[in-house]
Structures are given as C-alpha cells and as structure tokens.
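Asker: Hey, dropping run-v3.cif in here, mmCIF, C-alpha atoms and all ligand atoms:
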data_structure
loop_
_atom_site.group_PDB
_atom_site.id
_atom_site.type_symbol
_atom_site.label_atom_id
_atom_site.label_comp_id
_atom_site.auth_asym_id
_atom_site.auth_seq_id
_atom_site.Cartn_x
_atom_site.Cartn_y
_atom_site.Cartn_z
ATOM 1 C CA LEU A 1 125.593 80.770 152.897
ATOM 2 C CA VAL A 2 128.040 83.576 152.235
ATOM 3 C CA SER A 3 126.790 86.753 153.836
ATOM 4 C CA PHE A 4 126.952 89.751 151.557
ATOM 5 C CA SER A 5 127.587 92.097 154.451
ATOM 6 C CA ALA A 6 130.741 90.145 155.276
ATOM 7 C CA ASN A 7 132.202 91.622 152.090
ATOM 8 C CA VAL A 8 131.396 95.253 152.882
ATOM 9 C CA PRO A 9 134.570 97.364 152.887
ATOM 10 C CA GLY A 10 135.412 99.344 156.049
ATOM 11 C CA ALA A 11 133.012 101.993 157.349
ATOM 12 C CA ASN A 12 133.091 105.531 155.861
ATOM 13 C CA SER A 13 135.632 104.629 153.226
ATOM 14 C CA GLU A 14 135.085 105.723 149.664
ATOM 15 C CA ALA A 15 135.120 102.056 148.679
ATOM 16 C CA ARG A 16 132.230 101.416 151.072
ATOM 17 C CA GLN A 17 130.217 104.314 149.629
ATOM 18 C CA SER A 18 130.526 103.098 146.064
ATOM 19 C CA PHE A 19 129.975 99.498 147.173
ATOM 20 C CA LEU A 20 126.660 100.395 148.827
ATOM 21 C CA MET A 21 125.609 102.505 145.831
ATOM 22 C CA LYS A 22 126.275 99.625 143.480
ATOM 23 C CA ARG A 23 124.383 97.258 145.737
ATOM 24 C CA MET A 24 121.305 99.476 145.939
ATOM 25 C CA THR A 25 121.336 99.927 142.178
ATOM 26 C CA ILE A 26 121.480 96.177 141.580
ATOM 27 C CA GLU A 27 118.769 95.529 144.161
ATOM 28 C CA GLY A 28 116.361 97.992 142.565
ATOM 29 C CA ALA A 29 117.080 96.644 139.122
ATOM 30 C CA LEU A 30 116.561 93.031 140.254
ATOM 31 C CA HIS A 31 112.929 93.723 141.209
ATOM 32 C CA LYS A 32 112.288 95.046 137.717
ATOM 33 C CA ALA A 33 114.263 92.234 136.094
ATOM 34 C CA LEU A 34 111.819 89.642 137.446
ATOM 35 C CA GLU A 35 108.837 91.576 136.097
ATOM 36 C CA ARG A 36 110.441 92.179 132.711
ATOM 37 C CA SER A 37 111.838 88.629 132.420
ATOM 38 C CA GLU A 38 115.418 89.756 131.876
ATOM 39 C CA PHE A 39 116.811 86.433 133.150
ATOM 40 C CA PHE A 40 117.793 83.479 130.993
ATOM 41 C CA LEU A 41 119.502 80.141 131.543
ATOM 42 C CA ASP A 42 122.579 78.667 129.957
ATOM 43 C CA TYR A 43 123.283 74.957 130.281
ATOM 44 C CA GLN A 44 126.655 73.330 130.851
ATOM 45 C CA PRO A 45 127.154 69.645 129.978
ATOM 46 C CA ILE A 46 128.084 67.028 132.589
ATOM 47 C CA GLY A 47 129.654 64.026 130.881
ATOM 48 C CA ASP A 48 130.568 60.413 131.527
ATOM 49 C CA PRO A 49 134.052 60.035 129.992
ATOM 50 C CA ALA A 50 133.928 56.212 130.120
ATOM 51 C CA ALA A 51 130.665 56.092 128.149
ATOM 52 C CA GLY A 52 131.552 59.112 125.982
ATOM 53 C CA ARG A 53 128.219 60.829 126.435
ATOM 54 C CA ILE A 54 126.606 63.618 128.416
ATOM 55 C CA VAL A 55 124.265 62.554 131.211
ATOM 56 C CA ALA A 56 123.099 65.916 132.535
ATOM 57 C CA VAL A 57 123.272 69.678 132.145
ATOM 58 C CA GLU A 58 123.568 72.292 134.883
ATOM 59 C CA ALA A 59 121.323 75.338 134.551
ATOM 60 C CA LEU A 60 123.249 78.575 135.159
ATOM 61 C CA ILE A 61 121.365 81.846 135.401
ATOM 62 C CA ARG A 62 122.317 85.013 133.501
ATOM 63 C CA TRP A 63 120.782 88.456 133.614
ATOM 64 C CA ARG A 64 120.516 90.491 130.432
ATOM 65 C CA ARG A 65 120.001 94.085 131.524
ATOM 66 C CA CYS A 66 117.998 96.477 129.374
ATOM 67 C CA ASN A 67 121.241 98.078 128.139
ATOM 68 C CA GLY A 68 122.275 94.660 126.775
ATOM 69 C CA GLU A 69 124.926 94.017 129.432
ATOM 70 C CA ILE A 70 125.052 90.389 130.669
ATOM 71 C CA VAL A 71 125.511 90.088 134.443
ATOM 72 C CA ARG A 72 126.998 86.882 135.890
ATOM 73 C CA PRO A 73 125.333 85.212 138.888
ATOM 74 C CA ASP A 74 128.237 85.815 141.277
ATOM 75 C CA GLU A 75 127.422 89.547 140.997
ATOM 76 C CA PHE A 76 123.685 89.444 141.656
ATOM 77 C CA ILE A 77 122.802 86.179 143.485
ATOM 78 C CA PRO A 78 124.327 87.415 146.793
ATOM 79 C CA VAL A 79 122.373 90.678 146.456
ATOM 80 C CA ALA A 80 119.176 88.768 145.655
ATOM 81 C CA GLU A 81 119.728 86.651 148.772
ATOM 82 C CA GLU A 82 120.145 89.700 150.984
ATOM 83 C CA ALA A 83 117.130 91.412 149.429
ATOM 84 C CA GLY A 84 114.887 88.366 149.977
ATOM 85 C CA LEU A 85 114.386 87.908 146.239
ATOM 86 C CA ILE A 86 116.252 84.637 145.837
ATOM 87 C CA SER A 87 113.174 82.414 146.271
ATOM 88 C CA HIS A 88 111.391 84.157 143.418
ATOM 89 C CA ILE A 89 114.440 83.754 141.210
ATOM 90 C CA ASP A 90 115.031 80.093 142.090
ATOM 91 C CA GLU A 91 111.359 79.269 141.467
ATOM 92 C CA TRP A 92 111.599 80.874 138.038
ATOM 93 C CA VAL A 93 114.810 78.928 137.362
ATOM 94 C CA VAL A 94 113.254 75.545 138.226
ATOM 95 C CA ARG A 95 110.221 76.139 136.031
ATOM 96 C CA ARG A 96 112.314 77.363 133.087
ATOM 97 C CA ALA A 97 114.828 74.506 133.486
ATOM 98 C CA CYS A 98 112.107 71.818 133.535
ATOM 99 C CA ALA A 99 110.449 73.296 130.448
ATOM 100 C CA ASP A 100 113.806 73.486 128.642
ATOM 101 C CA LEU A 101 114.636 69.896 129.639
ATOM 102 C CA ALA A 102 111.314 68.667 128.241
ATOM 103 C CA ALA A 103 112.190 70.425 124.966
ATOM 104 C CA MET A 104 115.677 68.839 124.939
ATOM 105 C CA HIS A 105 114.068 65.414 125.550
ATOM 106 C CA ARG A 106 111.731 65.978 122.598
ATOM 107 C CA ALA A 107 114.707 67.032 120.469
ATOM 108 C CA GLY A 108 116.349 63.653 121.039
ATOM 109 C CA LEU A 109 118.339 63.888 124.287
ATOM 110 C CA THR A 110 115.853 61.524 125.902
ATOM 111 C CA ASP A 111 117.611 60.513 129.141
ATOM 112 C CA LEU A 112 119.164 63.880 129.915
ATOM 113 C CA ARG A 113 118.822 65.234 133.481
ATOM 114 C CA VAL A 114 118.979 68.839 134.608
ATOM 115 C CA SER A 115 120.658 70.254 137.720
ATOM 116 C CA VAL A 116 119.602 73.547 139.278
ATOM 117 C CA ASN A 117 121.344 75.545 141.992
ATOM 118 C CA MET A 118 119.222 76.346 145.012
ATOM 119 C CA ALA A 119 119.801 78.856 147.757
ATOM 120 C CA ALA A 120 119.129 78.045 151.420
ATOM 121 C CA PRO A 121 115.694 79.735 151.755
ATOM 122 C CA GLU A 122 114.220 77.366 149.161
ATOM 123 C CA PHE A 123 115.560 74.295 150.940
ATOM 124 C CA MET A 124 114.052 75.454 154.224
ATOM 125 C CA ARG A 125 110.512 75.502 152.832
ATOM 126 C CA GLN A 126 108.389 72.491 153.894
ATOM 127 C CA THR A 127 106.286 72.868 150.748
ATOM 128 C CA LEU A 128 109.264 72.568 148.380
ATOM 129 C CA PRO A 129 108.767 68.840 147.509
ATOM 130 C CA ALA A 130 105.077 69.311 146.651
ATOM 131 C CA ASP A 131 105.813 72.477 144.667
ATOM 132 C CA LEU A 132 108.555 70.773 142.664
ATOM 133 C CA LEU A 133 106.318 67.790 141.967
ATOM 134 C CA ALA A 134 103.758 70.154 140.477
ATOM 135 C CA VAL A 135 106.452 71.788 138.332
ATOM 136 C CA THR A 136 107.860 68.495 136.971
ATOM 137 C CA ARG A 137 104.341 67.169 136.270
ATOM 138 C CA ALA A 138 103.395 70.320 134.403
ATOM 139 C CA ALA A 139 106.568 70.069 132.322
ATOM 140 C CA GLY A 140 106.051 66.340 131.670
ATOM 141 C CA ILE A 141 109.348 65.158 133.171
ATOM 142 C CA GLU A 142 110.041 62.677 135.997
ATOM 143 C CA PRO A 143 111.340 63.800 139.432
ATOM 144 C CA GLU A 144 114.401 61.585 138.730
ATOM 145 C CA HIS A 145 115.308 63.978 135.908
ATOM 146 C CA LEU A 146 115.657 66.936 138.267
ATOM 147 C CA CYS A 147 118.711 67.331 140.492
ATOM 148 C CA LEU A 148 118.894 70.056 143.121
ATOM 149 C CA GLU A 149 122.356 71.384 143.923
ATOM 150 C CA LEU A 150 123.016 72.822 147.353
ATOM 151 C CA THR A 151 126.366 73.927 148.663
ATOM 152 C CA GLU A 152 128.275 72.299 151.450
ATOM 153 C CA ARG A 153 128.355 75.701 153.165
ATOM 154 C CA MET A 154 124.534 75.832 153.353
ATOM 155 C CA MET A 155 124.526 72.426 155.009
ATOM 156 C CA MET A 156 126.856 73.641 157.715
ATOM 157 C CA THR A 157 124.705 76.476 159.008
ATOM 158 C CA GLN A 158 121.146 75.321 158.274
ATOM 159 C CA ALA A 159 121.365 71.512 158.515
ATOM 160 C CA ASP A 160 118.578 71.060 161.091
ATOM 161 C CA THR A 161 115.997 72.681 158.852
ATOM 162 C CA ILE A 162 117.354 71.502 155.519
ATOM 163 C CA ILE A 163 117.888 67.771 156.170
ATOM 164 C CA PRO A 164 114.186 66.913 156.749
ATOM 165 C CA VAL A 165 113.286 68.707 153.502
ATOM 166 C CA MET A 166 116.027 66.762 151.722
ATOM 167 C CA HIS A 167 114.545 63.467 152.970
ATOM 168 C CA ALA A 168 111.119 64.486 151.714
ATOM 169 C CA LEU A 169 112.596 65.380 148.312
ATOM 170 C CA ARG A 170 114.339 62.001 148.065
ATOM 171 C CA ARG A 171 111.080 60.184 148.891
ATOM 172 C CA GLN A 172 109.540 61.876 145.834
ATOM 173 C CA GLY A 173 112.438 60.748 143.654
ATOM 174 C CA PHE A 174 114.306 64.043 143.184
ATOM 175 C CA ARG A 175 118.094 63.897 143.077
ATOM 176 C CA ILE A 176 120.239 66.033 145.372
ATOM 177 C CA SER A 177 123.845 67.012 144.815
ATOM 178 C CA LEU A 178 126.267 68.526 147.318
ATOM 179 C CA ASP A 179 127.949 71.405 145.448
ATOM 180 C CA ASP A 180 131.433 72.898 145.905
ATOM 181 C CA PHE A 181 132.451 69.908 148.007
ATOM 182 C CA GLY A 182 135.692 70.392 149.914
ATOM 183 C CA THR A 183 135.324 74.153 150.405
ATOM 184 C CA GLY A 184 133.118 74.032 153.510
ATOM 185 C CA TYR A 185 135.486 72.322 155.931
ATOM 186 C CA SER A 186 132.885 69.715 156.891
ATOM 187 C CA SER A 187 134.234 66.255 157.550
ATOM 188 C CA LEU A 188 134.033 63.563 154.925
ATOM 189 C CA ALA A 189 132.290 61.354 157.498
ATOM 190 C CA ARG A 190 129.392 63.794 157.693
ATOM 191 C CA LEU A 191 128.433 62.860 154.160
ATOM 192 C CA LYS A 192 127.017 59.636 155.566
ATOM 193 C CA ILE A 193 124.104 61.335 157.289
ATOM 194 C CA LEU A 194 123.088 63.395 154.265
ATOM 195 C CA PRO A 195 120.343 62.084 151.946
ATOM 196 C CA ILE A 196 122.211 63.022 148.765
ATOM 197 C CA THR A 197 122.707 61.228 145.454
ATOM 198 C CA SER A 198 125.895 62.917 144.286
ATOM 199 C CA VAL A 199 128.804 65.133 145.241
ATOM 200 C CA LYS A 200 130.527 67.796 143.132
ATOM 201 C CA ILE A 201 134.229 68.242 143.828
ATOM 202 C CA ASP A 202 135.030 71.949 143.780
ATOM 203 C CA ARG A 203 137.206 73.079 140.911
ATOM 204 C CA SER A 204 139.872 74.425 143.264
ATOM 205 C CA PHE A 205 140.959 70.773 143.745
ATOM 206 C CA ILE A 206 140.897 70.012 140.024
ATOM 207 C CA ARG A 207 143.034 73.021 139.080
ATOM 208 C CA GLY A 208 146.274 71.449 140.367
ATOM 209 C CA LEU A 209 145.825 68.172 138.483
ATOM 210 C CA PRO A 210 147.716 66.279 137.262
ATOM 211 C CA GLY A 211 150.890 67.701 138.849
ATOM 212 C CA ASP A 212 149.974 68.768 142.388
ATOM 213 C CA MET A 213 150.456 65.855 144.813
ATOM 214 C CA HIS A 214 148.161 67.348 147.487
ATOM 215 C CA ASP A 215 145.286 67.824 145.049
ATOM 216 C CA ARG A 216 145.818 64.288 143.726
ATOM 217 C CA ALA A 217 145.651 62.838 147.237
ATOM 218 C CA ILE A 218 142.556 64.835 148.179
ATOM 219 C CA VAL A 219 140.710 64.019 144.975
ATOM 220 C CA ARG A 220 141.603 60.335 145.274
ATOM 221 C CA ALA A 221 140.274 60.248 148.862
ATOM 222 C CA MET A 222 137.046 61.986 147.827
ATOM 223 C CA LEU A 223 136.512 59.591 144.923
ATOM 224 C CA GLU A 224 137.126 56.527 147.101
ATOM 225 C CA LEU A 225 134.763 57.713 149.789
ATOM 226 C CA ALA A 226 132.023 58.606 147.327
ATOM 227 C CA SER A 227 132.233 55.268 145.594
ATOM 228 C CA ASP A 228 132.146 53.410 148.953
ATOM 229 C CA MET A 229 128.977 55.332 149.711
ATOM 230 C CA ARG A 230 127.516 54.633 146.252
ATOM 231 C CA LEU A 231 127.382 58.331 145.480
ATOM 232 C CA ALA A 232 127.821 59.647 141.973
ATOM 233 C CA ILE A 233 130.648 62.148 141.781
ATOM 234 C CA VAL A 234 131.207 65.078 139.451
ATOM 235 C CA ALA A 235 134.561 66.823 139.060
ATOM 236 C CA GLU A 236 133.989 70.531 138.338
ATOM 237 C CA GLY A 237 136.134 72.885 136.300
ATOM 238 C CA VAL A 238 137.871 70.289 134.133
ATOM 239 C CA GLU A 239 139.675 72.414 131.546
ATOM 240 C CA THR A 240 142.376 70.174 130.074
ATOM 241 C CA LEU A 241 142.788 66.703 128.632
ATOM 242 C CA GLU A 242 145.524 66.059 131.207
ATOM 243 C CA GLN A 243 143.084 66.759 134.029
ATOM 244 C CA MET A 244 140.498 64.424 132.499
ATOM 245 C CA GLU A 245 143.080 61.667 132.139
ATOM 246 C CA ALA A 246 144.275 62.103 135.718
ATOM 247 C CA LEU A 247 140.673 61.859 136.940
ATOM 248 C CA ALA A 248 140.040 58.694 134.925
ATOM 249 C CA GLU A 249 143.034 57.176 136.686
ATOM 250 C CA LEU A 250 142.030 58.381 140.152
ATOM 251 C CA GLY A 251 138.504 56.945 140.061
ATOM 252 C CA ASP A 252 136.640 57.933 136.910
ATOM 253 C CA PRO A 253 134.107 60.551 138.047
ATOM 254 C CA LEU A 254 131.656 62.380 135.798
ATOM 255 C CA ILE A 255 133.197 65.610 134.544
ATOM 256 C CA GLN A 256 132.035 69.175 133.975
ATOM 257 C CA GLY A 257 134.100 72.053 132.653
ATOM 258 C CA TYR A 258 135.287 74.034 129.662
ATOM 259 C CA LEU A 259 136.970 70.927 128.213
ATOM 260 C CA LEU A 260 133.568 69.348 127.654
ATOM 261 C CA GLY A 261 131.710 72.568 126.991
ATOM 262 C CA LYS A 262 131.039 76.093 128.192
ATOM 263 C CA PRO A 263 127.519 77.017 129.324
ATOM 264 C CA ALA A 264 125.314 77.308 126.222
ATOM 265 C CA SER A 265 121.687 77.679 125.102
ATOM 266 C CA PRO A 266 119.364 74.625 124.955
ATOM 267 C CA GLU A 267 119.501 74.829 121.136
ATOM 268 C CA GLN A 268 123.300 74.720 121.177
ATOM 269 C CA ILE A 269 123.241 71.774 123.608
ATOM 270 C CA VAL A 270 120.855 69.873 121.334
ATOM 271 C CA SER A 271 122.848 70.510 118.179
ATOM 272 C CA ALA A 272 126.168 69.660 119.854
ATOM 273 C CA TYR A 273 125.105 66.425 121.554
ATOM 274 C CA SER A 274 122.060 64.869 119.900
ATOM 275 C CA ARG A 275 123.726 63.443 116.825
ATOM 276 C CA ARG A 276 127.102 62.298 118.069
ATOM 277 C CA ALA A 277 129.037 61.241 121.132
ATOM 278 C CA TRP A 278 131.378 63.956 122.407
ATOM 279 C CA GLN A 279 134.570 61.920 122.305
HETATM 280 P P1 LIG A 301 128.627 76.794 140.558
HETATM 281 O O1 LIG A 301 127.338 76.122 140.925
HETATM 282 O O2 LIG A 301 129.879 76.243 141.156
HETATM 283 O O3 LIG A 301 128.663 76.760 138.966
HETATM 284 C C1 LIG A 301 129.814 76.532 138.199
HETATM 285 C C2 LIG A 301 130.455 77.835 137.748
HETATM 286 O O4 LIG A 301 131.760 77.518 137.234
HETATM 287 C C3 LIG A 301 129.708 78.520 136.615
HETATM 288 O O5 LIG A 301 129.911 79.921 136.741
HETATM 289 C C4 LIG A 301 130.445 77.998 135.388
HETATM 290 O O6 LIG A 301 130.326 78.821 134.255
HETATM 291 C C5 LIG A 301 131.863 77.950 135.886
HETATM 292 N N1 LIG A 301 132.678 76.976 135.169
HETATM 293 C C6 LIG A 301 132.255 75.847 134.579
HETATM 294 N N2 LIG A 301 133.265 75.174 134.022
HETATM 295 C C7 LIG A 301 134.393 75.878 134.284
HETATM 296 C C8 LIG A 301 135.790 75.672 133.971
HETATM 297 O O7 LIG A 301 136.195 74.691 133.328
HETATM 298 N N3 LIG A 301 136.662 76.612 134.415
HETATM 299 C C9 LIG A 301 136.251 77.712 135.119
HETATM 300 N N4 LIG A 301 137.177 78.592 135.496
HETATM 301 N N5 LIG A 301 134.953 77.931 135.429
HETATM 302 C C10 LIG A 301 134.027 77.014 135.024
HETATM 303 P P2 LIG A 301 128.681 80.914 136.744
HETATM 304 O O8 LIG A 301 127.706 80.527 135.676
HETATM 305 O O9 LIG A 301 129.228 82.294 136.727
HETATM 306 O O10 LIG A 301 127.959 80.648 138.139
HETATM 307 C C11 LIG A 301 128.574 81.048 139.334
HETATM 308 C C12 LIG A 301 127.781 80.579 140.538
HETATM 309 O O11 LIG A 301 126.515 81.244 140.641
HETATM 310 C C13 LIG A 301 127.427 79.100 140.512
HETATM 311 O O12 LIG A 301 128.547 78.357 140.919
HETATM 312 C C14 LIG A 301 126.250 79.039 141.475
HETATM 313 O O13 LIG A 301 126.709 78.957 142.822
HETATM 314 C C15 LIG A 301 125.582 80.385 141.288
HETATM 315 N N6 LIG A 301 124.371 80.225 140.445
HETATM 316 C C16 LIG A 301 124.313 80.084 139.095
HETATM 317 N N7 LIG A 301 123.036 79.947 138.677
HETATM 318 C C17 LIG A 301 122.246 79.988 139.792
HETATM 319 C C18 LIG A 301 120.818 79.896 140.024
HETATM 320 O O14 LIG A 301 120.009 79.713 139.109
HETATM 321 N N8 LIG A 301 120.375 79.994 141.320
HETATM 322 C C19 LIG A 301 121.250 80.158 142.368
HETATM 323 N N9 LIG A 301 120.739 80.240 143.608
HETATM 324 N N10 LIG A 301 122.602 80.245 142.182
HETATM 325 C C20 LIG A 301 123.091 80.171 140.917
HETATM 326 CA CA CA A 302 126.346 74.276 140.980
HETATM 327 CA CA CA A 303 130.079 74.156 142.096
HETATM 328 CA CA CA A 304 131.474 77.291 142.805
#
Here is a file; write its structure as structure tokens.
Answerer:
Amino acid sequence: LVSFSANVPGANSEARQSFLMKRMTIEGALHKALERSEFFLDYQPIGDPAAGRIVAVEALIRWRRCNGEIVRPDEFIPVAEEAGLISHIDEWVVRRACADLAAMHRAGLTDLRVSVNMAAPEFMRQTLPADLLAVTRAAGIEPEHLCLELTERMMMTQADTIIPVMHALRRQGFRISLDDFGTGYSSLARLKILPITSVKIDRSFIRGLPGDMHDRAIVRAMLELASDMRLAIVAEGVETLEQMEALAELGDPLIQGYLLGKPASPEQIVSAYSRRAWQ
C-alpha cells in the first residue's frame, strides 16, 4: 500500500503548502461525491488472443465532479485511503460492477467476468466473503464471475491478515488476481503460498517488448512459472500488435491494453463485443 504521506514534499516549502491544500480540497469533496453519486465505472476488455474473444472486463473508477471535470483514480484513491473512505468506495464499486455485469450478461455477453480493484482495508475484513456473496446473489451472478484484484504491494505488508480472507473467498468460488506483478519485489516462489487464480504482469515489463532482451527474459520467466502453477496470466498495457505477437510467442497470456480497447461504458462494451469477435 503506497502511503500518501510518503509523497509529501519537504516541510514548509511552497510545494508542500499547495500539496496539502489540494489534498484537503479533494478529501472534502470525496465525502460529498459519495452522497451525490458522482462516481462511475468504465470497463476495459481482457482478451484471449488465441480464441479471439474477450473473457473479462476490469472495472475502473472515475469521478465526475460537479463542474464536469473527470478525475482519474490515481489522483483520488490514495487520498480516499488516507481519509478512511476507501471501503465505502470499494463497496460501491463492487455493487455497481456486479449490476453492470448482470446487464452485460443479459445483453448477450453471457460468460463475461468482471474484475474489481480492492484496497487493503477491504481485504482485511473477515466479513468480506459473506458480504460479497450477498452482493453477487442480489445481482444474479455467480461468485466465479467476480474477480478481486489486489496488488503485490498489499500482500507484502499485510499478508498475515489478508491471506486467511483470501482462502475464505476462494472457498466461496470468487477469483483473486495479483495485480501489478513484478513491481513489489516479492519472490516468484512466494506465489506458491498465495490462494490466487491469476497474475497480472505490470505494464512496465510489457513496454519494452518486443525489443528489450531483459523484459523478454522476465516476461518469459513469469509466464513459465504461472503456467507451471496453473495460474491464468494477464499481460497489462499491451498497446501494439508487435507486443501482442511477442507475448503469443513467449507463452500466450490473456491481454489487456489500448490495443484491445480503452476503458469504456458497459453499453460501448456490449456494442463492441456482443456481435463479433475482436480479431
Ligand atoms: P490498474 O489496476 O493497474 O489499472 C490499469 C490502469 O492502466 C488503468 O488506469 C488503465 O486505464 C490503464 N491502462 C490500461 N491499458 C493501458 C495501456 O495500454 N497503456 C497505458 N499507458 N495505460 C493503460 P486508471 O483507470 O487511471 O487506473 C489507475 C489505477 O487506479 C488502477 O491501476 C488501480 O490501481 C486504481 N483503481 C482504479 N479503479 C479502482 C477502484 O475501483 N478501486 C480501487 N481501490 N482502486 C482503483
Ligand atoms: Ca487492476
Ligand atoms: Ca495493474
Ligand atoms: Ca498499475
């Protein structure tokens, strides 16, 4: 979990003053945003290149402020975490995402799954599995259709509390994906003890493909390990055909990125993918 305070510029500087002002403004506005339902979700496709179809979408939160400005999550999620508001936001996200998925199923994308990002406080709650079961039941989708993404960084600091909750989630049938894999400096071997169903290779390793020999070697090692462990693997941030082709050669993971599609509304997802394969 990246601490917001770690990013605070030096004491007494002008930069620090304006940084703190901005933070307080966002924090105050976030409280109101929840009440006024100023949040919405976009969905980004995750595709299986071999089969030529999308298998899942990742829900990505956006905040439309009353002045019409759209704020990206990197700007307000860290503030929400510090302000203790992240649980409220993540609970809203899960409910919205399950309802949207049910609508996408009805519109013809029958096997589609949805992934949601979850911050550490949610994963440390013993009641999370039961709460999520209630949400999926209410929406009329199966637990297998919901994948929870947590970052490798969260696992490093909070593992003792998080791992038992992960086991309980798996027993109910929910999927769990380790996000931003490769950025947290945890060993590949540690993956073995985690009750996860998939791994997402961070886009910093995809960027150098196909040319960069180091990135190729790292990605190949990750793909081999994941397949040995029977884990699904998603390559993030795939932007070019050359990157997709290199990945197909290195081990054929699922792919996510601008090449396949930018985050879009449920309606756009349905109209782009319900009638035809994407290849
Ligand atoms: P993430 O989970 O790694 O999500 C992927 C981010 O990469 C998204 O940015 C997405 O728009 C962007 N992206 C996707 N494909 C490409 C590509 O081909 N090239 C490039 N350059 N970027 C690509 P976004 O939507 O701004 O989200 C940023 C981060 O905010 C997410 O990173 C996630 O950690 C967090 N986040 C988003 N939604 C939620 C949420 O509902 N709850 C929580 N707790 N965190 C969220
Ligand atoms: Ca994610
Ligand atoms: Ca990621
Ligand atoms: Ca990321």
Asker: Would you be able to write out as a ChimeraX atom specification which residues have an atom within 12 Å of (145.6, 66.2, 131.1) in the file's coordinates, counting all atoms listed in the file?
Answerer: /A:206-211,238-249,259
Asker: List the neighbours of range 178-192 of chain A out to 7 Å using only C-alpha atoms; skip same-chain residues closer than 6 positions along the sequence, and give me the result as a compact mmCIF listing (two decimals) with C-alpha atoms, in the frame of the given file.
Answerer:
# COMPACT_ATOMS: atom_id res chain seq x y z
CA GLU A 149 122.36 71.38 143.92
CA LEU A 150 123.02 72.82 147.35
CA THR A 151 126.37 73.93 148.66
CA GLU A 152 128.28 72.30 151.45
CA ARG A 153 128.35 75.70 153.16
CA SER A 198 125.90 62.92 144.29
CA VAL A 199 128.80 65.13 145.24
CA LYS A 200 130.53 67.80 143.13
CA ILE A 201 134.23 68.24 143.83
CA ASP A 202 135.03 71.95 143.78
Asker: Would you please work out which residue, of A:Leu30, A:Leu60, A:Ala107, A:Ala226, is nearest to ligand CA 304 (chain A) when using only C-alpha atoms and all ligand atoms?
Answerer: A:Leu60
Asker: Just give me the gap between CA of Ser265 in chain A and atom C6 of ligand LIG 301 (chain A) in Å, one decimal is fine.
Answerer: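 Value for the CA of Ser265 in chain A-atom C6 of ligand LIG 301 (chain A) distance: 14.3 Å.
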Asker: Once the PyMOL selection byres (((chain A and resi 274) around 12) and not hetatm) is applied to the coordinates I shared, what remains selected? I want it as a PyMOL selection string.
Answerer: chain A and resi 53-55+104-112+266-273+275-278
Asker: CA of Glu27 in chain A and CA of Ala83 in chain A, how far apart in Å?
Answerer: 6.9 Å
Asker: Apply the PyMOL selection byres (((chain A and resi 196) around 8) and not hetatm) to the file shown and report the selected residues as a list of chain:residue names.
Answerer: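 In the shown coordinates, the PyMOL selection byres (((chain A and resi 196) around 8) and not hetatm) covers A:Met166, A:Arg170, A:Arg175, A:Ile176, A:Ser177, A:Leu178, A:Leu194, A:Pro195, A:Thr197, A:Ser198, A:Val199, A:Leu231.
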Asker: Could you name the residues that touch range 133-137 of chain A at 10 Å or less, counting all atoms listed in the file, but leaving out those on the same chain fewer than 5 positions away, as a ChimeraX atom specification?
Answerer: /A:91,94-99,102,128,142-146,169,172-174
Asker: Please measure the separation of atom C12 of ligand LIG 301 (chain A) and CA of Ala33 in chain A, giving the value in Å to one decimal.
Answerer: 18.4 Å
Asker: Run through the PyMOL selection byres (((chain A and resi 44) around 7) and not hetatm) on the given coordinates and return the selected residues as a PyMOL selection string.
Answerer: chain A and resi 42-43+45-46+57-59+261-264
